[in-house]
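K.L.:
This is final16.cif, which holds mmCIF, N, CA and C atoms:
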data_final
loop_
_atom_site.label_atom_id
_atom_site.label_comp_id
_atom_site.auth_asym_id
_atom_site.auth_seq_id
_atom_site.Cartn_x
_atom_site.Cartn_y
_atom_site.Cartn_z
N MET D 1 0.85 -1.18 0.00
CA MET D 1 0.00 0.00 0.00
C MET D 1 0.89 1.24 0.00
N LEU D 2 0.56 2.20 -0.83
CA LEU D 2 1.32 3.44 -0.89
C LEU D 2 0.92 4.35 0.26
N PRO D 3 1.88 5.09 0.82
CA PRO D 3 1.52 6.03 1.89
C PRO D 3 0.63 7.14 1.35
N SER D 4 -0.22 7.65 2.21
CA SER D 4 -1.12 8.72 1.79
C SER D 4 -0.33 10.01 1.57
N THR D 5 -0.92 10.91 0.81
CA THR D 5 -0.30 12.21 0.57
C THR D 5 -0.05 12.94 1.88
N THR D 6 -1.02 12.85 2.80
CA THR D 6 -0.87 13.51 4.10
C THR D 6 0.32 12.95 4.85
N ALA D 7 0.49 11.62 4.80
CA ALA D 7 1.63 11.00 5.48
C ALA D 7 2.94 11.44 4.86
N LEU D 8 2.98 11.51 3.51
CA LEU D 8 4.20 11.96 2.83
C LEU D 8 4.53 13.41 3.18
N ILE D 9 3.49 14.25 3.20
CA ILE D 9 3.71 15.66 3.54
C ILE D 9 4.19 15.77 4.98
N SER D 10 3.58 15.01 5.89
CA SER D 10 3.99 15.03 7.31
C SER D 10 5.43 14.57 7.46
N ALA D 11 5.78 13.48 6.76
CA ALA D 11 7.15 12.97 6.85
C ALA D 11 8.13 13.99 6.29
N SER D 12 7.75 14.64 5.18
CA SER D 12 8.62 15.66 4.59
C SER D 12 8.78 16.85 5.53
N ALA D 13 7.69 17.25 6.18
CA ALA D 13 7.74 18.39 7.12
C ALA D 13 8.64 18.05 8.30
N ILE D 14 8.55 16.83 8.80
CA ILE D 14 9.40 16.42 9.92
C ILE D 14 10.86 16.42 9.49
N ALA D 15 11.14 15.85 8.31
CA ALA D 15 12.52 15.81 7.81
C ALA D 15 13.07 17.22 7.60
N LEU D 16 12.25 18.11 7.06
CA LEU D 16 12.66 19.49 6.86
C LEU D 16 12.93 20.17 8.19
N SER D 17 12.08 19.94 9.17
CA SER D 17 12.26 20.54 10.49
C SER D 17 13.57 20.08 11.12
N VAL D 18 13.84 18.78 11.02
CA VAL D 18 15.08 18.24 11.58
C VAL D 18 16.28 18.85 10.86
N ALA D 19 16.19 18.96 9.52
CA ALA D 19 17.29 19.55 8.75
C ALA D 19 17.50 21.01 9.12
N LEU D 20 16.42 21.74 9.29
CA LEU D 20 16.53 23.16 9.62
C LEU D 20 17.11 23.38 11.01
N MET D 21 16.86 22.46 11.94
CA MET D 21 17.40 22.62 13.30
C MET D 21 18.92 22.64 13.30
N GLY D 22 19.54 21.96 12.34
CA GLY D 22 20.99 21.91 12.30
C GLY D 22 21.64 23.00 11.49
N LEU D 23 20.84 23.92 10.94
CA LEU D 23 21.39 24.99 10.13
C LEU D 23 21.97 26.11 10.97
N PRO D 24 22.99 26.79 10.45
CA PRO D 24 23.50 27.97 11.13
C PRO D 24 22.38 29.01 11.26
N GLN D 25 22.47 29.87 12.25
CA GLN D 25 21.39 30.80 12.54
C GLN D 25 21.44 32.09 11.73
N GLY D 26 22.52 32.41 11.07
CA GLY D 26 22.56 33.65 10.31
C GLY D 26 23.76 33.71 9.40
N GLY D 27 23.81 34.74 8.56
CA GLY D 27 24.97 34.97 7.70
C GLY D 27 24.93 34.16 6.43
N ALA D 28 26.03 34.21 5.69
CA ALA D 28 26.13 33.56 4.39
C ALA D 28 26.00 32.05 4.51
N ALA D 29 26.57 31.46 5.56
CA ALA D 29 26.49 30.01 5.73
C ALA D 29 25.04 29.56 5.87
N ALA D 30 24.24 30.33 6.58
CA ALA D 30 22.83 30.00 6.74
C ALA D 30 22.11 30.10 5.41
N GLU D 31 22.40 31.13 4.61
CA GLU D 31 21.77 31.27 3.31
C GLU D 31 22.14 30.13 2.39
N ASP D 32 23.42 29.73 2.38
CA ASP D 32 23.86 28.61 1.55
C ASP D 32 23.16 27.32 1.96
N ALA D 33 23.02 27.11 3.26
CA ALA D 33 22.37 25.90 3.75
C ALA D 33 20.89 25.90 3.37
N LEU D 34 20.23 27.04 3.43
CA LEU D 34 18.82 27.11 3.05
C LEU D 34 18.63 26.82 1.57
N VAL D 35 19.55 27.28 0.73
CA VAL D 35 19.47 26.99 -0.69
C VAL D 35 19.55 25.49 -0.90
N ALA D 36 20.43 24.82 -0.18
CA ALA D 36 20.57 23.37 -0.31
C ALA D 36 19.28 22.67 0.10
N VAL D 37 18.64 23.12 1.18
CA VAL D 37 17.39 22.52 1.61
C VAL D 37 16.29 22.79 0.58
N ASP D 38 16.24 24.00 0.04
CA ASP D 38 15.22 24.37 -0.94
C ASP D 38 15.35 23.56 -2.23
N THR D 39 16.55 23.13 -2.60
CA THR D 39 16.75 22.42 -3.85
C THR D 39 16.66 20.91 -3.70
N ALA D 40 16.41 20.41 -2.49
CA ALA D 40 16.25 18.98 -2.31
C ALA D 40 14.98 18.53 -3.04
N VAL D 41 15.07 17.37 -3.69
CA VAL D 41 13.93 16.84 -4.44
C VAL D 41 13.38 15.64 -3.68
N PRO D 42 12.09 15.66 -3.36
CA PRO D 42 11.48 14.52 -2.68
C PRO D 42 11.66 13.23 -3.48
N SER D 43 11.91 12.14 -2.79
CA SER D 43 12.16 10.87 -3.47
C SER D 43 10.99 10.41 -4.34
N GLU D 44 9.74 10.73 -3.92
CA GLU D 44 8.60 10.31 -4.74
C GLU D 44 8.56 11.09 -6.06
N VAL D 45 9.04 12.33 -6.06
CA VAL D 45 9.10 13.12 -7.30
C VAL D 45 10.17 12.54 -8.22
N LEU D 46 11.32 12.19 -7.66
CA LEU D 46 12.37 11.57 -8.46
C LEU D 46 11.91 10.24 -9.05
N ALA D 47 11.18 9.46 -8.26
CA ALA D 47 10.68 8.17 -8.74
C ALA D 47 9.70 8.35 -9.90
N GLN D 48 8.83 9.34 -9.81
CA GLN D 48 7.89 9.62 -10.90
C GLN D 48 8.64 10.06 -12.16
N GLY D 49 9.63 10.94 -11.97
CA GLY D 49 10.43 11.40 -13.10
C GLY D 49 11.23 10.28 -13.73
N GLU D 50 11.78 9.41 -12.89
CA GLU D 50 12.55 8.28 -13.40
C GLU D 50 11.66 7.35 -14.23
N ALA D 51 10.45 7.08 -13.75
CA ALA D 51 9.53 6.21 -14.49
C ALA D 51 9.22 6.80 -15.87
N LEU D 52 8.98 8.10 -15.92
CA LEU D 52 8.71 8.76 -17.20
C LEU D 52 9.95 8.76 -18.10
N TYR D 53 11.13 8.99 -17.49
CA TYR D 53 12.38 8.95 -18.25
C TYR D 53 12.58 7.56 -18.86
N LEU D 54 12.40 6.53 -18.06
CA LEU D 54 12.60 5.17 -18.55
C LEU D 54 11.64 4.83 -19.68
N LYS D 55 10.42 5.33 -19.60
CA LYS D 55 9.41 5.06 -20.62
C LYS D 55 9.67 5.84 -21.91
N ASN D 56 10.13 7.09 -21.79
CA ASN D 56 10.22 7.97 -22.95
C ASN D 56 11.63 8.27 -23.46
N CYS D 57 12.64 8.15 -22.61
CA CYS D 57 13.97 8.65 -22.96
C CYS D 57 15.07 7.57 -22.97
N ARG D 58 14.84 6.50 -22.24
CA ARG D 58 15.87 5.48 -22.01
C ARG D 58 16.40 4.87 -23.31
N LEU D 59 15.52 4.64 -24.28
CA LEU D 59 15.97 3.97 -25.50
C LEU D 59 17.10 4.72 -26.20
N CYS D 60 17.08 6.04 -26.15
CA CYS D 60 18.13 6.82 -26.81
C CYS D 60 19.25 7.24 -25.85
N HIS D 61 18.88 7.65 -24.64
CA HIS D 61 19.88 8.17 -23.70
C HIS D 61 20.42 7.11 -22.74
N GLY D 62 19.81 5.94 -22.71
CA GLY D 62 20.27 4.85 -21.85
C GLY D 62 19.80 4.99 -20.42
N THR D 63 19.81 3.89 -19.71
CA THR D 63 19.38 3.86 -18.32
C THR D 63 20.22 4.77 -17.45
N LYS D 64 21.50 4.87 -17.77
CA LYS D 64 22.42 5.68 -16.97
C LYS D 64 22.75 7.02 -17.61
N GLY D 65 21.98 7.41 -18.62
CA GLY D 65 22.17 8.72 -19.24
C GLY D 65 23.47 8.88 -20.00
N LYS D 66 24.04 7.76 -20.48
CA LYS D 66 25.35 7.83 -21.14
C LYS D 66 25.31 7.52 -22.63
N SER D 67 24.14 7.18 -23.15
CA SER D 67 24.03 6.82 -24.57
C SER D 67 23.56 8.02 -25.39
N GLY D 68 23.68 7.90 -26.71
CA GLY D 68 23.26 8.99 -27.59
C GLY D 68 23.93 10.29 -27.18
N LYS D 69 23.16 11.33 -27.02
CA LYS D 69 23.66 12.59 -26.45
C LYS D 69 23.70 12.37 -24.94
N PRO D 70 24.89 12.21 -24.36
CA PRO D 70 24.98 11.91 -22.92
C PRO D 70 24.37 13.00 -22.04
N LEU D 71 23.63 12.57 -21.05
CA LEU D 71 23.06 13.46 -20.05
C LEU D 71 23.91 13.46 -18.79
N ALA D 72 24.46 12.30 -18.45
CA ALA D 72 25.33 12.21 -17.28
C ALA D 72 26.56 13.08 -17.51
N GLY D 73 26.82 13.98 -16.59
CA GLY D 73 27.98 14.86 -16.70
C GLY D 73 27.79 16.01 -17.68
N ASN D 74 26.60 16.21 -18.18
CA ASN D 74 26.33 17.26 -19.16
C ASN D 74 25.98 18.56 -18.44
N ASP D 75 26.83 19.57 -18.56
CA ASP D 75 26.62 20.86 -17.90
C ASP D 75 25.42 21.63 -18.43
N MET D 76 24.92 21.27 -19.61
CA MET D 76 23.75 21.96 -20.17
C MET D 76 22.50 21.71 -19.33
N LEU D 77 22.52 20.68 -18.50
CA LEU D 77 21.37 20.37 -17.66
C LEU D 77 21.14 21.41 -16.57
N GLU D 78 22.10 22.28 -16.35
CA GLU D 78 21.93 23.33 -15.33
C GLU D 78 20.76 24.26 -15.67
N ASP D 79 20.51 24.47 -16.95
CA ASP D 79 19.45 25.38 -17.40
C ASP D 79 18.16 24.59 -17.62
N ALA D 80 17.25 24.65 -16.65
CA ALA D 80 16.01 23.88 -16.69
C ALA D 80 15.15 24.23 -17.90
N GLU D 81 15.08 25.50 -18.26
CA GLU D 81 14.27 25.90 -19.41
C GLU D 81 14.85 25.33 -20.71
N TYR D 82 16.16 25.30 -20.81
CA TYR D 82 16.80 24.71 -21.99
C TYR D 82 16.43 23.24 -22.10
N VAL D 83 16.56 22.51 -21.00
CA VAL D 83 16.26 21.07 -21.00
C VAL D 83 14.80 20.84 -21.38
N ALA D 84 13.89 21.62 -20.79
CA ALA D 84 12.46 21.48 -21.11
C ALA D 84 12.20 21.77 -22.58
N SER D 85 12.83 22.79 -23.13
CA SER D 85 12.61 23.14 -24.53
C SER D 85 13.14 22.06 -25.46
N VAL D 86 14.24 21.43 -25.11
CA VAL D 86 14.78 20.33 -25.90
C VAL D 86 13.79 19.17 -25.92
N ILE D 87 13.21 18.86 -24.77
CA ILE D 87 12.23 17.77 -24.70
C ILE D 87 10.99 18.13 -25.54
N LEU D 88 10.58 19.36 -25.47
CA LEU D 88 9.39 19.78 -26.23
C LEU D 88 9.59 19.70 -27.73
N VAL D 89 10.67 20.27 -28.25
CA VAL D 89 10.83 20.39 -29.70
C VAL D 89 11.71 19.33 -30.34
N GLY D 90 12.51 18.61 -29.54
CA GLY D 90 13.32 17.53 -30.08
C GLY D 90 14.25 17.95 -31.20
N PRO D 91 15.28 18.72 -30.91
CA PRO D 91 16.19 19.16 -31.98
C PRO D 91 16.98 18.00 -32.58
N GLY D 92 17.38 18.17 -33.82
CA GLY D 92 18.19 17.15 -34.49
C GLY D 92 17.43 15.85 -34.67
N TYR D 93 18.05 14.75 -34.26
CA TYR D 93 17.44 13.44 -34.41
C TYR D 93 16.49 13.09 -33.26
N MET D 94 16.44 13.92 -32.25
CA MET D 94 15.59 13.63 -31.10
C MET D 94 14.11 13.88 -31.44
N ALA D 95 13.27 12.97 -30.95
CA ALA D 95 11.83 13.12 -31.14
C ALA D 95 11.30 14.28 -30.30
N ALA D 96 10.30 14.98 -30.81
CA ALA D 96 9.63 16.04 -30.05
C ALA D 96 8.54 15.39 -29.19
N PHE D 97 8.41 15.87 -27.95
CA PHE D 97 7.44 15.30 -27.02
C PHE D 97 6.31 16.27 -26.66
N GLU D 98 6.26 17.43 -27.31
CA GLU D 98 5.26 18.43 -26.93
C GLU D 98 3.83 17.94 -27.11
N ASP D 99 3.59 17.05 -28.06
CA ASP D 99 2.25 16.53 -28.27
C ASP D 99 1.97 15.26 -27.47
N HIS D 100 2.97 14.74 -26.79
CA HIS D 100 2.83 13.46 -26.10
C HIS D 100 2.91 13.55 -24.58
N LEU D 101 3.53 14.60 -24.07
CA LEU D 101 3.71 14.73 -22.62
C LEU D 101 3.12 16.05 -22.12
N SER D 102 2.54 16.00 -20.94
CA SER D 102 1.98 17.21 -20.32
C SER D 102 3.11 18.06 -19.73
N ASP D 103 2.77 19.27 -19.34
CA ASP D 103 3.75 20.14 -18.67
C ASP D 103 4.28 19.47 -17.41
N ASP D 104 3.37 18.85 -16.65
CA ASP D 104 3.77 18.17 -15.41
C ASP D 104 4.74 17.02 -15.70
N GLU D 105 4.45 16.24 -16.74
CA GLU D 105 5.32 15.10 -17.07
C GLU D 105 6.70 15.58 -17.52
N ILE D 106 6.73 16.64 -18.32
CA ILE D 106 8.02 17.17 -18.77
C ILE D 106 8.79 17.71 -17.58
N ALA D 107 8.12 18.42 -16.67
CA ALA D 107 8.80 18.93 -15.47
C ALA D 107 9.36 17.79 -14.62
N LEU D 108 8.64 16.69 -14.52
CA LEU D 108 9.14 15.54 -13.76
C LEU D 108 10.38 14.94 -14.42
N ILE D 109 10.37 14.83 -15.74
CA ILE D 109 11.54 14.30 -16.44
C ILE D 109 12.72 15.25 -16.28
N VAL D 110 12.48 16.54 -16.46
CA VAL D 110 13.55 17.54 -16.31
C VAL D 110 14.11 17.47 -14.88
N THR D 111 13.25 17.39 -13.90
CA THR D 111 13.70 17.27 -12.51
C THR D 111 14.57 16.03 -12.34
N TYR D 112 14.11 14.91 -12.89
CA TYR D 112 14.89 13.67 -12.76
C TYR D 112 16.27 13.78 -13.39
N VAL D 113 16.34 14.18 -14.67
CA VAL D 113 17.65 14.20 -15.33
C VAL D 113 18.58 15.24 -14.71
N ARG D 114 18.03 16.30 -14.14
CA ARG D 114 18.84 17.34 -13.50
C ARG D 114 19.29 16.94 -12.09
N ASN D 115 18.82 15.78 -11.62
CA ASN D 115 19.18 15.33 -10.27
C ASN D 115 19.62 13.87 -10.24
N ALA D 116 19.93 13.32 -11.40
CA ALA D 116 20.42 11.95 -11.51
C ALA D 116 21.89 11.98 -11.92
N TRP D 117 22.54 10.85 -11.75
CA TRP D 117 23.90 10.66 -12.25
C TRP D 117 24.90 11.70 -11.74
N GLY D 118 24.74 12.11 -10.49
CA GLY D 118 25.66 13.06 -9.89
C GLY D 118 25.25 14.51 -9.99
N HIS D 119 24.20 14.82 -10.74
CA HIS D 119 23.70 16.19 -10.83
C HIS D 119 22.86 16.49 -9.59
N ALA D 120 22.79 17.74 -9.19
CA ALA D 120 21.96 18.16 -8.05
C ALA D 120 21.49 19.60 -8.29
N TYR D 121 20.62 19.76 -9.28
CA TYR D 121 20.15 21.10 -9.63
C TYR D 121 18.80 21.46 -9.02
N GLY D 122 18.17 20.54 -8.31
CA GLY D 122 16.91 20.85 -7.64
C GLY D 122 15.70 20.57 -8.50
N PRO D 123 14.53 20.81 -7.91
CA PRO D 123 13.27 20.51 -8.60
C PRO D 123 12.92 21.54 -9.66
N VAL D 124 12.06 21.12 -10.60
CA VAL D 124 11.57 21.98 -11.66
C VAL D 124 10.05 21.97 -11.59
N ASP D 125 9.44 23.14 -11.66
CA ASP D 125 7.99 23.26 -11.62
C ASP D 125 7.43 23.30 -13.04
N ALA D 126 6.25 22.73 -13.21
CA ALA D 126 5.61 22.70 -14.53
C ALA D 126 5.34 24.09 -15.08
N SER D 127 5.32 25.11 -14.24
CA SER D 127 5.05 26.47 -14.71
C SER D 127 6.12 27.00 -15.64
N ILE D 128 7.32 26.40 -15.65
CA ILE D 128 8.34 26.86 -16.61
C ILE D 128 8.15 26.24 -17.98
N VAL D 129 7.35 25.16 -18.05
CA VAL D 129 7.19 24.45 -19.32
C VAL D 129 6.17 25.13 -20.22
N ALA D 130 5.03 25.51 -19.67
CA ALA D 130 3.92 26.08 -20.46
C ALA D 130 4.35 27.23 -21.37
N PRO D 131 5.12 28.20 -20.89
CA PRO D 131 5.50 29.32 -21.77
C PRO D 131 6.44 28.89 -22.92
N LEU D 132 7.03 27.72 -22.81
CA LEU D 132 7.96 27.25 -23.84
C LEU D 132 7.25 26.56 -24.99
N ARG D 133 5.99 26.25 -24.80
CA ARG D 133 5.22 25.55 -25.85
C ARG D 133 4.96 26.45 -27.04
#
What does this structure look like when you write it as structure tokens?

P.N.:
Amino acid sequence: MLPSTTALISASAIALSVALMGLPQGGAAAEDALVAVDTAVPSEVLAQGEALYLKNCRLCHGTKGKSGKPLAGNDMLEDAEYVASVILVGPGYMAAFEDHLSDDEIALIVTYVRNAWGHAYGPVDASIVAPLR
């Protein structure tokens, strides 16, 4: 049985509270630590993004993001809007997904690839995808 949304939110709130208790109380170190907490991606979001990646992207980019145009170690992933636009329009030999995936699905995939294989760029909201269509 999957945990309820309320349970996941409660667990996330507890984890965030515990993380925040260990943060410095002021100055640049505190700001840097808060940025790190803000960019953490919940595991259920990564799992959803991974499932979509495996279904739509794995055949060309590989399970580990090293096939075709490699994603693992690719600095272009830092720009979330760029990654989303590539998924939408499919430049070169890549298929376009704008007619096949919703804004939410594209945001989940972008979040996954930007936080897999050693990347840690944080979550992406679907609101950045809509204006790119």

K.L.:
Report the residues retrieved by the PyMOL selection byres ((chain D and resi 82-86) around 8) from the displayed file, expressed as a VMD selection string.

P.N.:
chain D and resid 76 to 81 87 to 91 94 to 98 106 to 107 109 to 110 128 to 129 132 to 133

K.L.:
Quote the spacing between atom CA of Leu71 of chain D and atom CA of Leu54 of chain D in Å to one decimal place.

P.N.:
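Computed distance, atom CA of Leu71 of chain D to atom CA of Leu54 of chain D, equals 13.4 Å.
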
K.L.:
Choose the residue, out of D:Cys57, D:Leu108, D:Lys66, D:Asp103, that has the smallest atom-to-atom separation from Gly122 of chain D; count only C-alpha atoms.

P.N.:
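Closest candidate: D:Leu108.
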
K.L.:
Within 10 Å of Gly118 of chain D, counting only C-alpha atoms, which residues show up once you throw out same-chain ones fewer than 5 positions away? Write them as a list of chain:residue names, please.

P.N.:
D:Ala72, D:Gly73, D:Val113

K.L.:
Work out how far apart atom N of Glu44 of chain D and atom C of Trp117 of chain D are and give it in Å to one decimal.

P.N.:
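Separation of atom N of Glu44 of chain D and atom C of Trp117 of chain D: 17.1 Å.
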
K.L.:
Would you work out the distance separating atom CA of Lys55 of chain D from atom CA of Lys69 of chain D, expressed in Å to one decimal?

P.N.:
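It comes out at 17.1 Å.
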
K.L.:
Given only C-alpha atoms as the basis, pick out the residue of D:Ser127, D:Gln48, D:Ser43, D:Asn56 nearest to Leu101 of chain D.

P.N.:
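With only C-alpha atoms as the atom set, the closest residue is D:Asn56.
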
K.L.:
Using only N, CA and C atoms, pick whichever of D:Pro123, D:Gly92, D:Cys60, D:Ser102 has the shortest atom-to-atom distance to Ala40 of chain D.

P.N.:
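Residue with the minimum atom-to-atom distance to Ala40 of chain D: D:Pro123.
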
K.L.:
When distances are computed from only C-alpha atoms, which of D:Gly68, D:Val41, D:Ala116, D:Ala126 shows the smallest separation from Tyr53 of chain D?

P.N.:
D:Ala116

K.L.:
Under the rule that all atoms listed in the file are counted, which of D:Ser67, D:Tyr121, D:Pro131, D:Asn74 is the nearest residue to Thr39 of chain D?

P.N.:
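Among the listed residues, D:Tyr121 lies closest to Thr39 of chain D.
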
K.L.:
When distances are computed from only C-alpha atoms, which of D:Tyr93, D:Pro70, D:Val124, D:His61 shows the smallest separation from Tyr112 of chain D?

P.N.:
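Nearest candidate to Tyr112 of chain D out of D:Tyr93, D:Pro70, D:Val124, D:His61: D:Val124.
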
K.L.:
Write only all heavy atoms for segment 79-89 of chain D from the block just shown, as a compact mmCIF listing (two decimals), in the first residue's frame.

P.N.:
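This went into part_28.txt:
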# COMPACT_ATOMS: atom_id res chain seq x y z
N ASP D 79 20.51 24.47 -16.95
CA ASP D 79 19.45 25.38 -17.40
C ASP D 79 18.16 24.59 -17.62
O ASP D 79 17.97 23.95 -18.65
CB ASP D 79 19.89 26.06 -18.70
CG ASP D 79 18.90 27.10 -19.20
OD1 ASP D 79 17.75 27.14 -18.72
OD2 ASP D 79 19.28 27.86 -20.11
N ALA D 80 17.25 24.65 -16.65
CA ALA D 80 16.01 23.88 -16.69
C ALA D 80 15.15 24.23 -17.90
O ALA D 80 14.55 23.35 -18.52
CB ALA D 80 15.21 24.09 -15.40
N GLU D 81 15.08 25.50 -18.26
CA GLU D 81 14.27 25.90 -19.41
C GLU D 81 14.85 25.33 -20.71
O GLU D 81 14.10 24.92 -21.60
CB GLU D 81 14.16 27.42 -19.49
CG GLU D 81 13.27 27.99 -18.41
CD GLU D 81 13.11 29.51 -18.51
OE1 GLU D 81 13.66 30.13 -19.46
OE2 GLU D 81 12.44 30.06 -17.64
N TYR D 82 16.16 25.30 -20.81
CA TYR D 82 16.80 24.71 -21.99
C TYR D 82 16.43 23.24 -22.10
O TYR D 82 16.04 22.76 -23.17
CB TYR D 82 18.32 24.89 -21.94
CG TYR D 82 19.04 24.07 -22.99
CD1 TYR D 82 19.06 24.49 -24.32
CD2 TYR D 82 19.65 22.87 -22.65
CE1 TYR D 82 19.69 23.73 -25.29
CE2 TYR D 82 20.29 22.10 -23.62
CZ TYR D 82 20.30 22.53 -24.94
OH TYR D 82 20.92 21.77 -25.90
N VAL D 83 16.56 22.51 -21.00
CA VAL D 83 16.26 21.07 -21.00
C VAL D 83 14.80 20.84 -21.38
O VAL D 83 14.48 19.99 -22.21
CB VAL D 83 16.59 20.43 -19.64
CG1 VAL D 83 16.25 18.95 -19.64
CG2 VAL D 83 18.06 20.63 -19.29
N ALA D 84 13.89 21.62 -20.79
CA ALA D 84 12.46 21.48 -21.11
C ALA D 84 12.20 21.77 -22.58
O ALA D 84 11.43 21.06 -23.24
CB ALA D 84 11.63 22.40 -20.22
N SER D 85 12.83 22.79 -23.13
CA SER D 85 12.61 23.14 -24.53
C SER D 85 13.14 22.06 -25.46
O SER D 85 12.53 21.78 -26.50
CB SER D 85 13.21 24.51 -24.87
OG SER D 85 14.61 24.47 -24.81
N VAL D 86 14.24 21.43 -25.11
CA VAL D 86 14.78 20.33 -25.90
C VAL D 86 13.79 19.17 -25.92
O VAL D 86 13.52 18.58 -26.97
CB VAL D 86 16.16 19.89 -25.37
CG1 VAL D 86 16.58 18.55 -25.96
CG2 VAL D 86 17.21 20.94 -25.65
N ILE D 87 13.21 18.86 -24.77
CA ILE D 87 12.23 17.77 -24.70
C ILE D 87 10.99 18.13 -25.54
O ILE D 87 10.45 17.29 -26.24
CB ILE D 87 11.85 17.47 -23.24
CG1 ILE D 87 13.06 16.89 -22.50
CG2 ILE D 87 10.67 16.51 -23.17
CD1 ILE D 87 12.87 16.76 -21.00
N LEU D 88 10.58 19.36 -25.47
CA LEU D 88 9.39 19.78 -26.23
C LEU D 88 9.59 19.70 -27.73
O LEU D 88 8.75 19.14 -28.44
CB LEU D 88 9.02 21.22 -25.85
CG LEU D 88 8.34 21.41 -24.50
CD1 LEU D 88 8.33 22.89 -24.12
CD2 LEU D 88 6.93 20.85 -24.53
N VAL D 89 10.67 20.27 -28.25
CA VAL D 89 10.83 20.39 -29.70
C VAL D 89 11.71 19.33 -30.34
O VAL D 89 11.67 19.14 -31.55
CB VAL D 89 11.37 21.80 -30.11
CG1 VAL D 89 10.43 22.88 -29.64
CG2 VAL D 89 12.76 22.02 -29.59
